[in-house]
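Printed here is entry.txt (compact mmCIF, C-alpha atoms):
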# COMPACT_ATOMS: atom_id res chain seq x y z
CA VAL A 274 -68.53 -5.47 13.18
CA ALA A 275 -64.86 -5.11 12.24
CA SER A 276 -64.18 -2.66 15.06
CA ILE A 277 -66.02 -4.79 17.65
CA ILE A 278 -64.10 -7.98 16.89
CA GLN A 279 -60.86 -5.98 16.88
CA VAL A 280 -61.59 -4.58 20.34
CA GLU A 281 -62.90 -7.90 21.67
CA SER A 282 -60.14 -10.25 20.53
CA GLY A 283 -57.80 -8.51 18.13
CA CYS A 284 -59.74 -10.14 15.27
CA GLY A 285 -59.21 -13.54 16.85
CA ALA A 286 -55.59 -13.13 17.94
CA ASN A 287 -56.53 -13.38 21.64
CA THR A 288 -59.76 -15.23 22.42
CA GLY A 289 -58.71 -16.17 25.97
CA ARG A 290 -57.34 -19.30 27.62
CA THR A 291 -59.49 -19.48 30.76
CA ARG A 292 -61.93 -22.37 31.21
CA ILE A 293 -65.26 -20.58 30.88
CA LEU A 294 -67.40 -23.06 32.84
CA PRO A 295 -65.67 -22.52 36.22
CA ALA A 296 -65.59 -18.75 35.55
CA LEU A 297 -69.34 -18.66 34.92
CA ALA A 298 -70.10 -21.02 37.80
CA ARG A 299 -68.16 -18.79 40.21
CA LEU A 300 -70.31 -15.80 39.24
CA ALA A 301 -73.52 -17.84 39.32
CA MET A 302 -72.78 -19.01 42.87
CA ALA A 303 -72.32 -15.53 44.34
CA ARG A 304 -75.47 -15.99 46.47
CA GLU A 305 -74.32 -19.26 48.01
CA PRO A 306 -74.18 -18.71 51.83
CA ALA A 307 -70.43 -19.23 52.15
CA ASN A 308 -69.63 -16.98 49.19
CA LEU A 309 -72.08 -14.31 50.34
CA GLU A 310 -70.60 -14.25 53.84
CA ALA A 311 -67.04 -14.07 52.49
CA ASN A 312 -67.96 -11.09 50.30
CA LEU A 313 -69.69 -9.35 53.19
CA ASP A 314 -66.64 -9.81 55.42
CA ARG A 315 -64.35 -8.47 52.71
CA LEU A 316 -66.47 -5.43 51.86
CA THR A 317 -67.37 -4.45 55.42
CA LEU A 318 -63.95 -4.94 56.98
CA LEU A 319 -63.59 -1.23 57.76
CA SER A 320 -67.24 -0.18 57.81
CA PRO A 321 -70.54 -1.35 59.32
CA ARG A 322 -72.61 -3.76 57.24
CA GLY A 323 -75.88 -1.79 56.98
CA ALA A 324 -76.49 -0.56 53.42
CA VAL A 325 -73.39 -2.39 52.15
CA ALA A 326 -74.91 -5.72 53.16
CA SER A 327 -78.13 -4.90 51.32
CA PHE A 328 -76.21 -4.02 48.17
CA VAL A 329 -74.06 -7.17 48.35
CA ARG A 330 -77.15 -9.37 48.66
CA TRP A 331 -78.85 -7.56 45.77
CA ARG A 332 -75.74 -7.87 43.61
CA ALA A 333 -75.35 -11.56 44.44
CA GLN A 334 -78.96 -12.20 43.41
CA ALA A 335 -78.40 -10.29 40.15
CA LEU A 336 -75.27 -12.32 39.36
CA GLU A 337 -77.09 -15.58 40.03
CA ASP A 338 -80.00 -14.57 37.79
CA MET A 339 -77.61 -13.51 35.01
CA PHE A 340 -75.00 -16.27 35.05
CA TYR A 341 -76.83 -19.42 36.15
CA PRO A 342 -78.52 -19.60 32.71
CA GLU A 343 -75.08 -19.08 31.13
CA VAL A 344 -73.80 -22.18 32.94
CA LYS A 345 -76.70 -24.21 31.56
CA ALA A 346 -76.08 -22.78 28.07
CA THR A 347 -72.45 -23.88 28.28
CA PHE A 348 -73.56 -27.48 28.72
CA ASP A 349 -76.03 -27.09 25.84
CA ILE A 350 -73.25 -25.84 23.54
CA ALA A 351 -70.88 -28.61 24.61
CA ASP A 352 -73.58 -31.20 23.90
CA ARG A 353 -74.40 -29.66 20.52
CA MET A 354 -70.75 -29.48 19.40
CA GLN A 355 -69.65 -32.72 21.07
CA LEU A 356 -67.16 -30.94 23.33
CA ASP A 357 -65.96 -31.40 26.89
CA PRO A 358 -67.50 -28.36 28.67
CA LEU A 359 -64.40 -28.05 30.84
CA GLU A 360 -62.27 -27.58 27.73
CA MET A 361 -64.23 -24.61 26.41
CA ARG A 362 -61.92 -21.63 26.84
CA GLY A 363 -62.33 -17.88 26.68
CA SER A 364 -62.10 -14.84 28.94
CA GLY A 365 -62.21 -14.75 32.72
CA SER A 366 -65.80 -13.49 32.54
CA GLY A 367 -66.96 -16.50 30.50
CA ALA A 368 -67.06 -14.99 27.00
CA PHE A 369 -65.48 -16.90 24.12
CA GLY A 370 -64.67 -16.85 20.43
CA ILE A 371 -63.68 -14.03 18.08
CA PRO A 372 -66.67 -11.81 19.05
CA GLN A 373 -66.46 -12.87 22.72
CA PHE A 374 -70.06 -14.04 23.14
CA LEU A 375 -71.45 -15.37 26.38
CA PRO A 376 -72.93 -18.87 25.89
CA ARG A 377 -76.57 -17.74 25.61
CA SER A 378 -75.60 -15.17 22.97
CA TYR A 379 -74.05 -18.01 20.99
CA LEU A 380 -77.38 -19.92 21.14
CA TRP A 381 -79.43 -16.83 20.26
CA PHE A 382 -77.31 -15.13 17.60
CA GLY A 383 -74.88 -17.74 16.27
CA VAL A 384 -74.91 -18.00 12.45
CA ASP A 385 -73.55 -20.84 10.34
CA GLY A 386 -71.94 -18.55 7.81
CA ASN A 387 -70.08 -21.22 5.85
CA HIS A 388 -72.99 -23.71 5.93
CA ASP A 389 -70.93 -26.59 7.30
CA GLY A 390 -73.65 -27.61 9.75
CA ARG A 391 -72.12 -26.06 12.90
CA VAL A 392 -71.46 -22.62 14.33
CA SER A 393 -67.89 -21.96 15.46
CA LEU A 394 -67.17 -18.55 16.91
CA TYR A 395 -63.48 -19.26 16.30
CA ASP A 396 -64.10 -19.37 12.53
CA PRO A 397 -64.34 -15.89 10.94
CA GLU A 398 -66.90 -17.18 8.43
CA ASP A 399 -69.26 -17.86 11.36
CA ALA A 400 -68.05 -15.26 13.86
CA ILE A 401 -68.53 -12.23 11.60
CA PRO A 402 -72.18 -12.90 10.61
CA SER A 403 -72.92 -13.92 14.21
CA CYS A 404 -71.68 -10.54 15.44
CA ALA A 405 -73.74 -8.82 12.73
CA SER A 406 -76.80 -10.83 13.83
CA TYR A 407 -76.28 -9.62 17.40
CA LEU A 408 -76.11 -5.97 16.35
CA GLN A 409 -79.10 -6.33 14.03
CA HIS A 410 -81.15 -7.73 16.90
CA TYR A 411 -80.47 -4.55 18.91
CA GLY A 412 -81.50 -2.32 16.02
CA TRP A 413 -78.42 -1.67 13.89
CA ARG A 414 -79.18 -0.47 10.37
CA ALA A 415 -77.80 1.98 7.85
CA GLY A 416 -78.20 5.68 8.53
CA LEU A 417 -78.25 5.63 12.34
CA SER A 418 -77.14 8.73 14.22
CA ARG A 419 -74.20 8.50 16.61
CA THR A 420 -76.56 8.41 19.59
CA GLU A 421 -78.57 5.59 18.01
CA ARG A 422 -75.40 3.64 17.25
CA LYS A 423 -74.28 4.06 20.86
CA ASN A 424 -77.60 2.67 22.06
CA VAL A 425 -77.18 -0.39 19.84
CA ILE A 426 -73.63 -1.09 21.01
CA TRP A 427 -74.79 -0.67 24.62
CA GLY A 428 -76.57 -3.98 24.10
CA TYR A 429 -73.17 -5.54 23.38
CA ASN A 430 -71.24 -3.96 26.23
CA HIS A 431 -72.47 -1.60 28.97
CA SER A 432 -69.35 0.56 29.00
CA GLU A 433 -69.18 4.13 27.70
CA ALA A 434 -65.43 3.81 27.15
CA TYR A 435 -65.95 0.59 25.17
CA ILE A 436 -68.67 2.17 23.02
CA ASP A 437 -66.60 5.29 22.29
CA THR A 438 -63.60 3.12 21.34
CA VAL A 439 -65.67 0.98 18.96
CA LEU A 440 -67.19 4.02 17.25
CA TRP A 441 -63.82 5.76 16.95
CA LEU A 442 -62.24 2.65 15.44
CA ALA A 443 -65.18 2.24 13.05
CA GLY A 444 -64.58 5.81 11.88
CA GLU A 445 -60.90 5.04 11.32
CA VAL A 446 -61.84 2.00 9.20
CA VAL A 447 -64.05 4.16 6.96
CA SER A 448 -61.82 7.24 6.85
CA PRO A 449 -58.35 6.81 8.40
CA THR A 450 -56.71 9.83 10.01
CA PRO A 451 -53.78 10.92 7.79
CA GLU A 452 -50.34 10.30 9.24
CA PRO A 453 -48.37 13.45 10.11
CA PRO A 454 -45.65 14.29 7.56
CA ARG A 455 -42.22 12.99 8.42
CA LYS A 456 -39.36 15.42 8.87
CA ALA A 457 -36.62 15.23 6.23
CA ARG A 458 -33.43 13.72 7.57
CA ALA A 459 -30.14 15.55 6.93
CA THR A 460 -27.76 13.62 4.68
CA LYS A 461 -24.15 12.98 5.61
CA GLY A 462 -21.78 15.69 4.44
CA LYS A 463 -24.58 18.21 3.83
CA ARG A 464 -25.28 19.38 7.33
CA LYS A 465 -26.51 22.93 7.60
CA GLY A 466 -23.85 25.42 8.60
CA LYS A 467 -21.01 22.94 8.31
CA GLY A 468 -18.50 22.68 5.51
CA LYS A 469 -15.50 20.46 5.02
CA ARG A 470 -14.31 18.86 8.21
CA ARG A 471 -11.19 20.53 9.57
CA THR A 472 -8.31 18.58 10.96
CA ARG A 473 -7.07 19.58 14.34
CA PRO A 474 -3.43 20.84 14.27
CA ARG A 475 -1.04 18.61 16.11
CA ALA A 476 0.66 20.11 19.12
CA THR A 477 4.41 20.68 18.74
CA THR A 478 6.52 19.57 21.66
CA ALA A 479 10.22 19.89 22.39
CA ALA A 480 10.64 16.14 21.89
CA SER A 481 8.99 16.24 18.48
CA ARG A 482 11.19 19.17 17.40
CA LYS A 483 14.28 17.18 18.37
CA ARG A 484 13.06 14.15 16.37
CA SER A 485 12.46 16.29 13.32
CA THR A 486 15.98 17.75 13.39
CA ARG A 487 17.44 14.22 13.45
CA ARG A 488 15.74 13.15 10.14
Just give me the structure of the file as structure tokens.
Amino acid sequence: VASIIQVESGCGANTGRTRILPALARLAMAREPANLEANLDRLTLLSPRGAVASFVRWRAQALEDMFYPEVKATFDIADRMQLDPLEMRGSGSGAFGIPQFLPRSYLWFGVDGNHDGRVSLYDPEDAIPSCASYLQHYGWRAGLSRTERKNVIWGYNHSEAYIDTVLWLAGEVVSPTPEPPRKARATKGKRKGKGKRRTRPRATTAASRKRSTRR
């Protein structure tokens, strides 16, 4: 949990400033005729439509199926917490709070850790048990192998790089890598191979010899 919330938001230091409702609505409307045509024009500018068009339509349908329910969940959360849905802020992909949940994940896994009658993913007392609830739902328990832990975290984020980073950071939390020893710095006046500083002899000129004979 600690490594996930560190990767997601720096333990709450950066939860995002984007309005999540427009971000989610933009993804949910990918199959709208105007948006679909614009994406087809952009992706087939230098190649025939063919298979690309089929993929774009499939992807647009997948985005609509995934994010339209998230838009509805945003309104449900705003109603539950007495918020203006346009003032809910998070990442550009619509995730919010310390663990960066999508709205439906908030409704499914949110935990009122401090028992104040509401779930705030910006409050560590709620965000931490909510993240643990999410992982528990996907099968996290003590004694899992690395492969099993990767499968659980896959439910949180479908990125191999993300999963490897979370597991590496979790290992550092349990057993930090020792820092390399620092090289000793030489102290002034004790430099190796150097003794007392020598003064450079002053050059003797004809003018200086004349001045010395006048003293």
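Using all atoms listed in the file, the shortest contact distance between Gly285 of chain A and any of A:Phe369, A:Phe348, A:Phe382, A:Tyr395 is found at A:Tyr395.
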Quick one: residues within 9 Å of Ile426 of chain A, all atoms listed in the file, excluding same-chain residues fewer than 4 positions away - as a ChimeraX atom specification?
/A:408,411,413,421-422,430-431,435-436,439
When you look at Val329 of chain A with a cut-off of 9 Å (counting all atoms listed in the file), what residues show up, excluding the ones that are within fewer than 6 positions of it in the same chain? I need them as a ChimeraX atom specification.
/A:309,312-313,316
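The residue that comes closest to Ala303 of chain A, out of A:Arg315, A:Arg332, A:His388, A:Arg322 and on the basis of only C-alpha atoms, is A:Arg332.
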Residue nearest Tyr429 of chain A among A:Ser378, A:Asn387, A:Asn287, A:Ser282 (counting all atoms listed in the file):
A:Ser378
Using all atoms listed in the file: which of A:Tyr341, A:Val425, A:Arg377, A:Ile371 has the shortest distance to Asp399 of chain A:
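Once distances to Asp399 of chain A are computed over all atoms listed in the file, the minimum belongs to A:Ile371.
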Provide the atom CA of Leu297 of chain A to atom CA of Ala333 of chain A distance in Å, to one decimal place.
13.3 Å
Would you mind putting N, CA, C and O atoms back on segment 283-298 of chain A and writing the result as a tab-separated table (two decimals), in the frame of the given file?
chain	number	residue	atom	x	y	z
A	283	GLY	N	-58.84	-8.76	19.11
A	283	GLY	CA	-57.80	-8.51	18.13
A	283	GLY	C	-58.05	-9.31	16.87
A	283	GLY	O	-57.14	-9.86	16.28
A	284	CYS	N	-59.31	-9.36	16.44
A	284	CYS	CA	-59.74	-10.14	15.27
A	284	CYS	C	-59.34	-11.61	15.40
A	284	CYS	O	-58.93	-12.24	14.43
A	285	GLY	N	-59.47	-12.13	16.62
A	285	GLY	CA	-59.21	-13.54	16.85
A	285	GLY	C	-57.83	-13.87	17.35
A	285	GLY	O	-57.54	-15.04	17.66
A	286	ALA	N	-56.96	-12.87	17.49
A	286	ALA	CA	-55.59	-13.13	17.94
A	286	ALA	C	-55.55	-13.53	19.41
A	286	ALA	O	-54.65	-14.26	19.84
A	287	ASN	N	-56.51	-13.06	20.20
A	287	ASN	CA	-56.53	-13.38	21.64
A	287	ASN	C	-57.97	-13.63	22.09
A	287	ASN	O	-58.68	-12.71	22.47
A	288	THR	N	-58.39	-14.88	22.03
A	288	THR	CA	-59.76	-15.23	22.42
A	288	THR	C	-59.84	-15.71	23.86
A	288	THR	O	-60.94	-15.99	24.35
A	289	GLY	N	-58.71	-15.78	24.56
A	289	GLY	CA	-58.71	-16.17	25.97
A	289	GLY	C	-58.37	-17.64	26.16
A	289	GLY	O	-58.68	-18.48	25.32
A	290	ARG	N	-57.76	-17.94	27.31
A	290	ARG	CA	-57.34	-19.30	27.62
A	290	ARG	C	-57.97	-19.84	28.91
A	290	ARG	O	-57.66	-20.94	29.34
A	291	THR	N	-58.86	-19.07	29.51
A	291	THR	CA	-59.49	-19.48	30.76
A	291	THR	C	-60.63	-20.46	30.48
A	291	THR	O	-61.38	-20.29	29.51
A	292	ARG	N	-60.78	-21.48	31.32
A	292	ARG	CA	-61.93	-22.37	31.21
A	292	ARG	C	-63.19	-21.59	31.58
A	292	ARG	O	-63.32	-21.10	32.70
A	293	ILE	N	-64.12	-21.47	30.65
A	293	ILE	CA	-65.26	-20.58	30.88
A	293	ILE	C	-66.28	-21.17	31.86
A	293	ILE	O	-66.97	-20.41	32.54
A	294	LEU	N	-66.39	-22.49	31.94
A	294	LEU	CA	-67.40	-23.06	32.84
A	294	LEU	C	-67.13	-22.72	34.30
A	294	LEU	O	-68.04	-22.24	35.00
A	295	PRO	N	-65.91	-22.93	34.83
A	295	PRO	CA	-65.67	-22.52	36.22
A	295	PRO	C	-65.84	-21.01	36.44
A	295	PRO	O	-66.31	-20.58	37.49
A	296	ALA	N	-65.45	-20.21	35.42
A	296	ALA	CA	-65.59	-18.75	35.55
A	296	ALA	C	-67.06	-18.36	35.68
A	296	ALA	O	-67.43	-17.52	36.52
A	297	LEU	N	-67.91	-18.96	34.85
A	297	LEU	CA	-69.34	-18.66	34.92
A	297	LEU	C	-69.97	-19.20	36.19
A	297	LEU	O	-70.82	-18.55	36.81
A	298	ALA	N	-69.55	-20.41	36.59
A	298	ALA	CA	-70.10	-21.02	37.80
A	298	ALA	C	-69.77	-20.18	39.03
A	298	ALA	O	-70.60	-20.04	39.94
